[in-house]
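A.B. asks: One file: target_35.pdb (PDB, C-alpha atoms and all ligand atoms).
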ATOM      1  CA  MET C   1      11.299  14.400  65.131
ATOM      2  CA  GLU C   2       9.666  11.619  67.081
ATOM      3  CA  SER C   3       9.044   8.301  65.391
ATOM      4  CA  GLY C   4       5.232   8.749  65.165
ATOM      5  CA  SER C   5       5.717  11.940  63.189
ATOM      6  CA  ASP C   6       8.372  10.196  61.002
ATOM      7  CA  HIS C   7       5.888   7.554  60.193
ATOM      8  CA  GLN C   8       3.189  10.103  59.331
ATOM      9  CA  THR C   9       5.595  12.108  57.126
ATOM     10  CA  ALA C  10       6.706   8.975  55.276
ATOM     11  CA  ARG C  11       3.110   7.959  54.744
ATOM     12  CA  ALA C  12       2.140  11.426  53.498
ATOM     13  CA  LEU C  13       5.098  11.388  51.089
ATOM     14  CA  LEU C  14       4.080   7.994  49.796
ATOM     15  CA  GLU C  15       0.482   9.075  49.309
ATOM     16  CA  TRP C  16       1.673  12.141  47.482
ATOM     17  CA  GLN C  17       3.822  10.007  45.136
ATOM     18  CA  VAL C  18       0.910   7.645  44.493
ATOM     19  CA  GLU C  19      -1.188  10.708  43.754
ATOM     20  CA  LEU C  20       1.425  11.701  41.176
ATOM     21  CA  GLY C  21       1.152   8.318  39.498
ATOM     22  CA  ALA C  22       3.943   6.262  41.080
ATOM     23  CA  THR C  23       2.976   2.588  40.996
ATOM     24  CA  GLU C  24       6.176   0.819  41.993
ATOM     25  CA  ALA C  25       8.935   1.167  44.610
ATOM     26  CA  ILE C  26      12.255   0.706  42.874
ATOM     27  CA  GLY C  27      14.876   1.945  45.363
ATOM     28  CA  ASP C  28      15.483   3.851  48.568
ATOM     29  CA  ALA C  29      17.495   6.629  46.948
ATOM     30  CA  PRO C  30      16.993   8.394  43.611
ATOM     31  CA  VAL C  31      19.404   7.387  40.835
ATOM     32  CA  ASN C  32      20.673   9.821  38.244
ATOM     33  CA  ARG C  33      20.661   7.598  35.181
ATOM     34  CA  PHE C  34      22.152  10.265  32.912
ATOM     35  CA  GLU C  35      25.307  10.337  35.068
ATOM     36  CA  LEU C  36      25.348   6.554  35.265
ATOM     37  CA  ARG C  37      25.341   6.231  31.489
ATOM     38  CA  GLN C  38      28.382   8.509  31.147
ATOM     39  CA  GLU C  39      30.374   7.030  34.009
ATOM     40  CA  ALA C  40      29.638   3.330  33.832
ATOM     41  CA  PRO C  41      28.725   2.014  30.393
ATOM     42  CA  GLY C  42      27.763  -1.406  31.783
ATOM     43  CA  PRO C  43      27.853  -4.659  29.850
ATOM     44  CA  ALA C  44      28.227  -4.563  26.057
ATOM     45  CA  ARG C  45      24.874  -4.041  24.357
ATOM     46  CA  LYS C  46      23.644  -5.601  21.120
ATOM     47  CA  ALA C  47      24.415  -3.470  18.090
ATOM     48  CA  PRO C  48      21.385  -1.315  17.247
ATOM     49  CA  ALA C  49      19.207  -2.785  14.541
ATOM     50  CA  ARG C  50      19.609  -1.414  11.018
ATOM     51  CA  PRO C  51      17.066   1.368  10.378
ATOM     52  CA  ARG C  52      13.847  -0.240   9.159
ATOM     53  CA  ALA C  53      11.810   0.518   6.113
ATOM     54  CA  ALA C  54       9.896   3.763   6.074
ATOM     55  CA  SER C  55       6.577   1.924   5.961
ATOM     56  CA  CYS C  56       6.786   1.022   9.612
ATOM     57  CA  ALA C  57       9.722   3.014  10.928
ATOM     58  CA  PRO C  58       9.277   6.675  10.177
ATOM     59  CA  ASP C  59      12.948   7.457  11.019
ATOM     60  CA  ARG C  60      14.727   9.226   8.235
ATOM     61  CA  PRO C  61      17.084   6.905   6.333
ATOM     62  CA  GLU C  62      20.701   7.622   7.099
ATOM     63  CA  THR C  63      22.018   7.169   3.594
ATOM     64  CA  ALA C  64      20.652   6.750   0.110
ATOM     65  CA  ALA C  65      21.270   3.017   0.500
ATOM     66  CA  ASP C  66      18.602   2.937   3.207
ATOM     67  CA  ASP C  67      16.006   5.008   1.392
ATOM     68  CA  PRO C  68      13.320   2.547   0.250
ATOM     69  CA  VAL C  69      12.214   4.781  -2.626
ATOM     70  CA  LEU C  70      15.752   5.089  -3.992
ATOM     71  CA  VAL C  71      16.382   1.372  -3.570
ATOM     72  CA  ALA C  72      13.098   0.610  -5.353
ATOM     73  CA  ARG C  73      13.995   2.973  -8.185
ATOM     74  CA  ARG C  74      17.358   1.360  -8.624
ATOM     75  CA  MET C  75      15.937  -2.164  -8.584
ATOM     76  CA  ALA C  76      13.097  -1.296 -10.953
ATOM     77  CA  ALA C  77      15.443   0.465 -13.362
ATOM     78  CA  GLN C  78      17.527  -2.696 -13.677
ATOM     79  CA  ALA C  79      14.568  -4.784 -14.833
ATOM     80  CA  GLU C  80      14.647  -5.349 -18.559
ATOM     81  CA  ASP C  81      11.410  -7.257 -18.918
ATOM     82  CA  LEU C  82       8.294  -8.148 -16.948
ATOM     83  CA  GLU C  83       9.814 -11.350 -15.679
ATOM     84  CA  SER C  84      12.827  -9.610 -14.177
ATOM     85  CA  LEU C  85      10.588  -6.856 -12.813
ATOM     86  CA  ALA C  86       8.432  -9.469 -11.075
ATOM     87  CA  ALA C  87      11.605 -10.956  -9.601
ATOM     88  CA  ALA C  88      12.774  -7.498  -8.474
ATOM     89  CA  VAL C  89       9.454  -6.790  -6.747
ATOM     90  CA  ALA C  90       9.579 -10.160  -5.010
ATOM     91  CA  ALA C  91      13.144  -9.460  -3.864
ATOM     92  CA  PHE C  92      12.374  -5.991  -2.477
ATOM     93  CA  ASP C  93      12.650  -6.299   1.295
ATOM     94  CA  LEU C  94      12.108  -2.756   2.522
ATOM     95  CA  CYS C  95       8.330  -2.807   2.735
ATOM     96  CA  ASP C  96       7.083  -4.356   5.941
ATOM     97  CA  LEU C  97       3.851  -5.470   4.276
ATOM     98  CA  LYS C  98       5.867  -8.232   2.666
ATOM     99  CA  ARG C  99       6.485  -9.866   6.026
ATOM    100  CA  GLY C 100       2.802 -10.377   6.699
ATOM    101  CA  ALA C 101       1.968 -11.543   3.179
ATOM    102  CA  ARG C 102       1.725 -15.110   1.934
ATOM    103  CA  ASN C 103       2.429 -14.215  -1.683
ATOM    104  CA  THR C 104       3.724 -11.395  -3.819
ATOM    105  CA  VAL C 105       0.898 -10.464  -6.158
ATOM    106  CA  PHE C 106       2.454  -9.095  -9.320
ATOM    107  CA  ALA C 107       0.013  -9.275 -12.230
ATOM    108  CA  ASP C 108      -2.486 -11.356 -14.127
ATOM    109  CA  GLY C 109      -3.881 -11.461 -17.623
ATOM    110  CA  ASN C 110      -2.270 -10.750 -20.936
ATOM    111  CA  PRO C 111       0.731  -8.369 -20.910
ATOM    112  CA  GLN C 112       0.048  -7.615 -24.588
ATOM    113  CA  ALA C 113      -3.358  -6.146 -23.720
ATOM    114  CA  ARG C 114      -4.219  -2.634 -24.866
ATOM    115  CA  VAL C 115      -5.758  -2.005 -21.446
ATOM    116  CA  MET C 116      -3.918  -2.229 -18.153
ATOM    117  CA  ILE C 117      -6.009  -2.124 -14.985
ATOM    118  CA  ILE C 118      -4.341  -0.812 -11.846
ATOM    119  CA  GLY C 119      -6.022  -1.602  -8.548
ATOM    120  CA  GLU C 120      -5.092  -0.962  -4.990
ATOM    121  CA  ALA C 121      -3.651  -3.925  -3.112
ATOM    122  CA  PRO C 122      -4.319  -7.637  -2.732
ATOM    123  CA  GLY C 123      -7.037  -8.749  -0.375
ATOM    124  CA  ARG C 124      -7.272 -12.080   1.409
ATOM    125  CA  GLU C 125      -8.058 -14.207  -1.625
ATOM    126  CA  GLU C 126      -5.416 -12.505  -3.778
ATOM    127  CA  ASP C 127      -2.841 -13.007  -1.037
ATOM    128  CA  LEU C 128      -3.687 -16.715  -0.916
ATOM    129  CA  GLN C 129      -3.634 -17.252  -4.674
ATOM    130  CA  GLY C 130      -0.887 -14.795  -5.636
ATOM    131  CA  ARG C 131      -3.064 -13.223  -8.356
ATOM    132  CA  PRO C 132      -4.749  -9.820  -8.408
ATOM    133  CA  PHE C 133      -8.524  -9.402  -8.337
ATOM    134  CA  VAL C 134      -9.613 -12.974  -7.725
ATOM    135  CA  GLY C 135     -11.899 -12.385  -4.732
ATOM    136  CA  ARG C 136     -15.469 -11.090  -4.849
ATOM    137  CA  ALA C 137     -14.417  -7.694  -6.184
ATOM    138  CA  GLY C 138     -12.289  -9.393  -8.820
ATOM    139  CA  GLN C 139     -15.176 -11.576  -9.937
ATOM    140  CA  LEU C 140     -17.282  -8.466 -10.365
ATOM    141  CA  LEU C 141     -14.454  -6.847 -12.304
ATOM    142  CA  ASP C 142     -14.388  -9.863 -14.633
ATOM    143  CA  ARG C 143     -18.164  -9.643 -15.165
ATOM    144  CA  MET C 144     -17.992  -5.908 -15.819
ATOM    145  CA  PHE C 145     -15.361  -6.257 -18.509
ATOM    146  CA  ALA C 146     -16.971  -9.358 -19.991
ATOM    147  CA  ALA C 147     -19.977  -7.117 -20.633
ATOM    148  CA  ILE C 148     -17.861  -5.138 -23.117
ATOM    149  CA  GLY C 149     -16.234  -8.254 -24.538
ATOM    150  CA  MET C 150     -12.949  -8.047 -22.613
ATOM    151  CA  GLY C 151     -11.260 -10.397 -20.191
ATOM    152  CA  ARG C 152      -7.973 -11.368 -18.616
ATOM    153  CA  GLU C 153      -8.002 -14.772 -20.323
ATOM    154  CA  ALA C 154      -8.345 -13.328 -23.829
ATOM    155  CA  ALA C 155      -5.453 -14.117 -26.125
ATOM    156  CA  HIS C 156      -5.952 -11.196 -28.482
ATOM    157  CA  PRO C 157      -4.647  -7.804 -27.262
ATOM    158  CA  GLU C 158      -7.865  -6.142 -28.504
ATOM    159  CA  SER C 159     -10.031  -7.950 -26.019
ATOM    160  CA  ALA C 160      -7.430  -8.787 -23.382
ATOM    161  CA  LEU C 161      -6.792  -7.221 -19.992
ATOM    162  CA  TYR C 162      -3.601  -6.919 -18.033
ATOM    163  CA  ILE C 163      -4.161  -6.423 -14.307
ATOM    164  CA  THR C 164      -1.962  -5.272 -11.461
ATOM    165  CA  ASN C 165      -2.098  -3.298  -8.213
ATOM    166  CA  ILE C 166      -0.211  -0.402  -6.684
ATOM    167  CA  LEU C 167       0.908  -2.666  -3.833
ATOM    168  CA  PRO C 168       1.939  -6.291  -4.348
ATOM    169  CA  TRP C 169       1.357  -7.306  -0.718
ATOM    170  CA  ARG C 170      -1.817  -7.427   1.312
ATOM    171  CA  PRO C 171      -2.030  -4.765   4.021
ATOM    172  CA  PRO C 172      -3.024  -6.273   7.389
ATOM    173  CA  GLN C 173      -6.801  -6.424   7.866
ATOM    174  CA  ASN C 174      -7.098  -4.837   4.409
ATOM    175  CA  ARG C 175      -6.286  -1.447   5.888
ATOM    176  CA  GLU C 176      -5.660   1.456   3.555
ATOM    177  CA  PRO C 177      -2.102   1.584   2.220
ATOM    178  CA  LYS C 178       0.116   4.186   3.874
ATOM    179  CA  PRO C 179       1.580   6.997   1.747
ATOM    180  CA  GLU C 180       5.123   5.744   2.399
ATOM    181  CA  GLU C 181       4.164   2.234   1.264
ATOM    182  CA  ILE C 182       2.728   3.654  -1.951
ATOM    183  CA  ALA C 183       5.793   5.851  -2.460
ATOM    184  CA  MET C 184       8.231   2.983  -2.174
ATOM    185  CA  MET C 185       6.287   0.695  -4.528
ATOM    186  CA  LEU C 186       5.558   3.368  -7.112
ATOM    187  CA  PRO C 187       8.882   3.011  -8.986
ATOM    188  CA  PHE C 188       7.957  -0.626  -9.655
ATOM    189  CA  VAL C 189       4.489   0.354 -10.892
ATOM    190  CA  GLU C 190       5.990   2.985 -13.194
ATOM    191  CA  CYS C 191       8.408   0.469 -14.620
ATOM    192  CA  HIS C 192       5.603  -2.110 -14.894
ATOM    193  CA  VAL C 193       3.547   0.261 -17.041
ATOM    194  CA  GLU C 194       6.550   1.138 -19.163
ATOM    195  CA  LEU C 195       7.415  -2.504 -19.833
ATOM    196  CA  ALA C 196       3.828  -3.647 -20.483
ATOM    197  CA  ASP C 197       3.311  -0.556 -22.622
ATOM    198  CA  PRO C 198      -0.512  -0.526 -22.670
ATOM    199  CA  GLU C 199      -2.435   2.000 -24.737
ATOM    200  CA  VAL C 200      -4.662   3.014 -21.837
ATOM    201  CA  LEU C 201      -4.746   2.673 -18.079
ATOM    202  CA  VAL C 202      -7.828   2.071 -15.980
ATOM    203  CA  LEU C 203      -7.332   3.382 -12.449
ATOM    204  CA  MET C 204      -9.534   1.427 -10.081
ATOM    205  CA  GLY C 205     -10.525   3.531  -7.100
ATOM    206  CA  ASN C 206      -8.985   6.204  -4.949
ATOM    207  CA  ILE C 207      -5.687   4.572  -4.091
ATOM    208  CA  SER C 208      -4.538   4.195  -7.671
ATOM    209  CA  CYS C 209      -5.753   7.734  -8.427
ATOM    210  CA  GLN C 210      -3.822   9.009  -5.427
ATOM    211  CA  ALA C 211      -0.709   7.117  -6.487
ATOM    212  CA  LEU C 212      -0.769   7.944 -10.195
ATOM    213  CA  LEU C 213      -2.658  11.244 -10.438
ATOM    214  CA  GLY C 214      -1.714  12.669  -7.043
ATOM    215  CA  ARG C 215      -5.442  13.193  -6.369
ATOM    216  CA  ARG C 216      -8.336  11.322  -4.922
ATOM    217  CA  GLY C 217     -12.059  11.882  -4.983
ATOM    218  CA  ILE C 218     -13.152   9.074  -7.270
ATOM    219  CA  THR C 219     -16.721  10.338  -7.474
ATOM    220  CA  ARG C 220     -15.464  13.423  -9.281
ATOM    221  CA  LEU C 221     -12.572  11.789 -11.138
ATOM    222  CA  ARG C 222     -14.405   8.792 -12.566
ATOM    223  CA  GLY C 223     -15.718   8.846 -16.086
ATOM    224  CA  LYS C 224     -13.305  11.549 -17.268
ATOM    225  CA  TRP C 225     -10.255  10.782 -19.332
ATOM    226  CA  THR C 226      -7.054  12.063 -17.833
ATOM    227  CA  SER C 227      -3.391  11.213 -18.182
ATOM    228  CA  ALA C 228      -1.159   9.100 -15.947
ATOM    229  CA  LEU C 229       2.466   8.152 -16.583
ATOM    230  CA  GLY C 230       2.138   9.793 -19.990
ATOM    231  CA  ARG C 231      -0.803   7.617 -21.091
ATOM    232  CA  PRO C 232      -4.561   8.105 -21.325
ATOM    233  CA  ALA C 233      -6.091   7.007 -18.055
ATOM    234  CA  LEU C 234      -9.678   6.446 -17.003
ATOM    235  CA  PRO C 235     -10.483   6.477 -13.278
ATOM    236  CA  MET C 236     -13.357   4.183 -12.356
ATOM    237  CA  PHE C 237     -15.190   3.132  -9.234
ATOM    238  CA  HIS C 238     -13.439   0.215  -7.580
ATOM    239  CA  PRO C 239     -15.510  -2.995  -7.874
ATOM    240  CA  ALA C 240     -15.348  -3.389  -4.071
ATOM    241  CA  TYR C 241     -17.131  -0.027  -3.860
ATOM    242  CA  LEU C 242     -19.693  -1.255  -6.381
ATOM    243  CA  LEU C 243     -20.371  -4.302  -4.232
ATOM    244  CA  ARG C 244     -21.172  -1.987  -1.337
ATOM    245  CA  ASN C 245     -23.020   0.534  -3.492
ATOM    246  CA  PRO C 246     -24.779  -1.364  -6.270
ATOM    247  CA  ARG C 247     -26.514   1.802  -7.471
ATOM    248  CA  ALA C 248     -23.136   3.127  -8.637
ATOM    249  CA  LYS C 249     -22.983   0.304 -11.207
ATOM    250  CA  ARG C 250     -24.844   2.631 -13.535
ATOM    251  CA  GLU C 251     -21.894   5.025 -13.579
ATOM    252  CA  ALA C 252     -19.482   2.116 -13.902
ATOM    253  CA  TRP C 253     -21.378   0.937 -16.970
ATOM    254  CA  HIS C 254     -21.141   4.422 -18.438
ATOM    255  CA  ASP C 255     -17.362   4.367 -17.878
ATOM    256  CA  LEU C 256     -16.992   0.956 -19.466
ATOM    257  CA  LEU C 257     -18.786   2.241 -22.546
ATOM    258  CA  MET C 258     -16.450   5.242 -22.628
ATOM    259  CA  LEU C 259     -13.506   2.889 -22.555
ATOM    260  CA  GLN C 260     -14.966   0.743 -25.307
ATOM    261  CA  ALA C 261     -15.655   3.795 -27.472
ATOM    262  CA  ARG C 262     -12.091   5.045 -27.052
ATOM    263  CA  LEU C 263     -10.617   1.681 -27.954
ATOM    264  CA  ARG C 264     -12.815   1.519 -31.060
ATOM    265  CA  GLU C 265     -11.733   4.980 -32.148
ATOM    266  CA  SER C 266      -8.037   4.222 -32.208
TER     267      SER C 266
HETATM  268  N1  LIG C 301      -8.759  -4.979  -4.637
HETATM  269  C1  LIG C 301      -7.732  -4.488  -5.354
HETATM  270  O1  LIG C 301      -7.601  -3.291  -5.511
HETATM  271  N2  LIG C 301      -6.899  -5.360  -5.893
HETATM  272  C2  LIG C 301      -7.002  -6.660  -5.767
HETATM  273  O2  LIG C 301      -6.178  -7.391  -6.313
HETATM  274  C3  LIG C 301      -8.088  -7.154  -5.023
HETATM  275  C4  LIG C 301      -8.956  -6.305  -4.460
END
Take the structure from the file and write it as structure tokens.
Ligand code: URA
C.D. replies:
Amino acid sequence: MESGSDHQTARALLEWQVELGATEAIGDAPVNRFELRQEAPGPARKAPARPRAASCAPDRPETAADDPVLVARRMAAQAEDLESLAAAVAAFDLCDLKRGARNTVFADGNPQARVMIIGEAPGREEDLQGRPFVGRAGQLLDRMFAAIGMGREAAHPESALYITNILPWRPPQNREPKPEEIAMMLPFVECHVELADPEVLVLMGNISCQALLGRRGITRLRGKWTSALGRPALPMFHPAYLLRNPRAKREAWHDLLMLQARLRES
């Protein structure tokens, strides 16, 4: 083959490779990297990182010790009171949300309260202050309950509220919590409810319904008594939803009156 034709063939080959998506020339001859790996291991590599929490690494845990849900269950089960549970939640390292959070948001209000409110997850303001429901939605929540004579500052269990969330750390950009994040924090929530021992639960919005009832669809669930963790539970519209949809405050008022009536009955 004369050199002109060589040149044309090489050029055609190159064009064909570019057509196929090649963007870089990395060697004159092809290299079989599978053979290379077997024959020449090369310099020692860093030990592979320990499998990460399921929230961000969907790999299956290798042993029970790596399963975030089992670890959470074990840690929660060891807590004997709310203080040690709060410490256990703060020490739980397998949820990646913790890394992006400024504070662990455990609870607020009076743990003796007859009513325990369970929200979704901290937002920006809650993350900054380390207390649940202190942003705009939280202020609305306070006004809603004040309208039936209840509040987080109340000393008497009759009129007091105890408030927590399914997740103690703010999801980035307030995105919806992932199922695996909910699953790994649920043992702590279950233990939290058991230790606080409220008479009734108020489930604020879809995420807490999903976590504790296994269902969502707050428009249908709200305003009907159901049972969660063996206790009467009332799903309600989340106050953040009410801020966006003020017309739904009518239904929220109805639900607050239902709650008040139930508390008066017993
Ligand atoms: N929304 C929630 O569900 N919880 C908070 O603490 C704040 C906003």
A.B. asks: Using all atoms listed in the file, which residues of the polymer chains come no farther than 8 Å from ligand LIG 301 (chain C)? I'd like the answer as a list in words.
C.D. replies: Val105, Ile118, Gly119, Glu120, Ala121, Pro122, Gly123, Glu125, Glu126, Arg131, Pro132, Phe133, Val134, Gly135, Ala137, Gly138, Thr164, Asn165, Met204, Gly205, His238, Pro239 and Ala240 of chain C
A.B. asks: Neighbours of Gly130 in chain C within 10 Å (only C-alpha atoms; same-chain residues fewer than 6 positions away dropped), as a list in words?
C.D. replies: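 In the requested format, the answer is Ala101, Arg102, Asn103, Thr104, Val105, Phe106, Ala107, Asp108, Pro122, Arg124, Pro168 and Trp169 of chain C.
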A.B. asks: Please, could you write that set of residues out with C-alpha atoms as a compact mmCIF listing (two decimals), in the frame of the given file?
C.D. replies:
# COMPACT_ATOMS: atom_id res chain seq x y z
CA ALA C 101 1.97 -11.54 3.18
CA ARG C 102 1.72 -15.11 1.93
CA ASN C 103 2.43 -14.22 -1.68
CA THR C 104 3.72 -11.40 -3.82
CA VAL C 105 0.90 -10.46 -6.16
CA PHE C 106 2.45 -9.10 -9.32
CA ALA C 107 0.01 -9.28 -12.23
CA ASP C 108 -2.49 -11.36 -14.13
CA PRO C 122 -4.32 -7.64 -2.73
CA ARG C 124 -7.27 -12.08 1.41
CA PRO C 168 1.94 -6.29 -4.35
CA TRP C 169 1.36 -7.31 -0.72
A.B. asks: The PyMOL selection byres (((chain C and resi 229-237) around 10) and not hetatm) on the file shown: which residues, as a ChimeraX atom specification?
C.D. replies: /C:115-118,189-191,193-194,197-206,208-209,212-213,216,218-228,238-242,248-249,251-256,258-259,262
A.B. asks: Take the residues from that selection and put them in a file with C-alpha atoms, as a short mmCIF file (atom, residue, chain, number, x, y, z; two decimals), keeping the file's coordinate frame.
C.D. replies:
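Okay, this is what ended up in result17.cif:
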data_model
loop_
_atom_site.label_atom_id
_atom_site.label_comp_id
_atom_site.auth_asym_id
_atom_site.auth_seq_id
_atom_site.Cartn_x
_atom_site.Cartn_y
_atom_site.Cartn_z
CA VAL C 115 -5.76 -2.00 -21.45
CA MET C 116 -3.92 -2.23 -18.15
CA ILE C 117 -6.01 -2.12 -14.98
CA ILE C 118 -4.34 -0.81 -11.85
CA VAL C 189 4.49 0.35 -10.89
CA GLU C 190 5.99 2.98 -13.19
CA CYS C 191 8.41 0.47 -14.62
CA VAL C 193 3.55 0.26 -17.04
CA GLU C 194 6.55 1.14 -19.16
CA ASP C 197 3.31 -0.56 -22.62
CA PRO C 198 -0.51 -0.53 -22.67
CA GLU C 199 -2.44 2.00 -24.74
CA VAL C 200 -4.66 3.01 -21.84
CA LEU C 201 -4.75 2.67 -18.08
CA VAL C 202 -7.83 2.07 -15.98
CA LEU C 203 -7.33 3.38 -12.45
CA MET C 204 -9.53 1.43 -10.08
CA GLY C 205 -10.52 3.53 -7.10
CA ASN C 206 -8.98 6.20 -4.95
CA SER C 208 -4.54 4.20 -7.67
CA CYS C 209 -5.75 7.73 -8.43
CA LEU C 212 -0.77 7.94 -10.20
CA LEU C 213 -2.66 11.24 -10.44
CA ARG C 216 -8.34 11.32 -4.92
CA ILE C 218 -13.15 9.07 -7.27
CA THR C 219 -16.72 10.34 -7.47
CA ARG C 220 -15.46 13.42 -9.28
CA LEU C 221 -12.57 11.79 -11.14
CA ARG C 222 -14.40 8.79 -12.57
CA GLY C 223 -15.72 8.85 -16.09
CA LYS C 224 -13.30 11.55 -17.27
CA TRP C 225 -10.26 10.78 -19.33
CA THR C 226 -7.05 12.06 -17.83
CA SER C 227 -3.39 11.21 -18.18
CA ALA C 228 -1.16 9.10 -15.95
CA HIS C 238 -13.44 0.22 -7.58
CA PRO C 239 -15.51 -3.00 -7.87
CA ALA C 240 -15.35 -3.39 -4.07
CA TYR C 241 -17.13 -0.03 -3.86
CA LEU C 242 -19.69 -1.25 -6.38
CA ALA C 248 -23.14 3.13 -8.64
CA LYS C 249 -22.98 0.30 -11.21
CA GLU C 251 -21.89 5.03 -13.58
CA ALA C 252 -19.48 2.12 -13.90
CA TRP C 253 -21.38 0.94 -16.97
CA HIS C 254 -21.14 4.42 -18.44
CA ASP C 255 -17.36 4.37 -17.88
CA LEU C 256 -16.99 0.96 -19.47
CA MET C 258 -16.45 5.24 -22.63
CA LEU C 259 -13.51 2.89 -22.56
CA ARG C 262 -12.09 5.04 -27.05
#
A.B. asks: In terms of the shortest atom-to-atom distance over all atoms listed in the file, which of C:Ala154, C:Ala65, C:Cys95, C:Ala90 is closest to Glu180 in chain C?
C.D. replies: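 Residue with the minimum atom-to-atom distance to Glu180 in chain C: C:Cys95.
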A.B. asks: How many Å lie between CA of Leu167 in chain C and CA of Gly149 in chain C, rounded to one decimal?
C.D. replies: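 These atoms are spaced 27.5 Å apart.
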A.B. asks: To one decimal in Å, tell me the separation between CA of Asp142 in chain C and CA of Glu181 in chain C.
C.D. replies: 27.3 Å
A.B. asks: Rounded to one decimal place, report the CA of Gly214 in chain C-CA of Leu140 in chain C distance in Å.
C.D. replies: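 Distance reported for this atom pair: 26.5 Å.
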A.B. asks: Please list as a PyMOL selection string every residue within 12 Å of Glu80 in chain C, counting only C-alpha atoms and excluding residues in the same chain fewer than 3 positions away.
C.D. replies: chain C and resi 75-77+83-88+191-192+194-196
A.B. asks: Which residue is closest to Pro172 in chain C? Choose from C:Met185, C:Leu128, C:Lys98, C:Ser266 and count all atoms listed in the file.
C.D. replies: C:Lys98
A.B. asks: Counting only C-alpha atoms, what is within 8 Å of Val69 in chain C, bar same-chain residues fewer than 6 positions away, as number ranges by chain?
C.D. replies: C: 183-185, 187
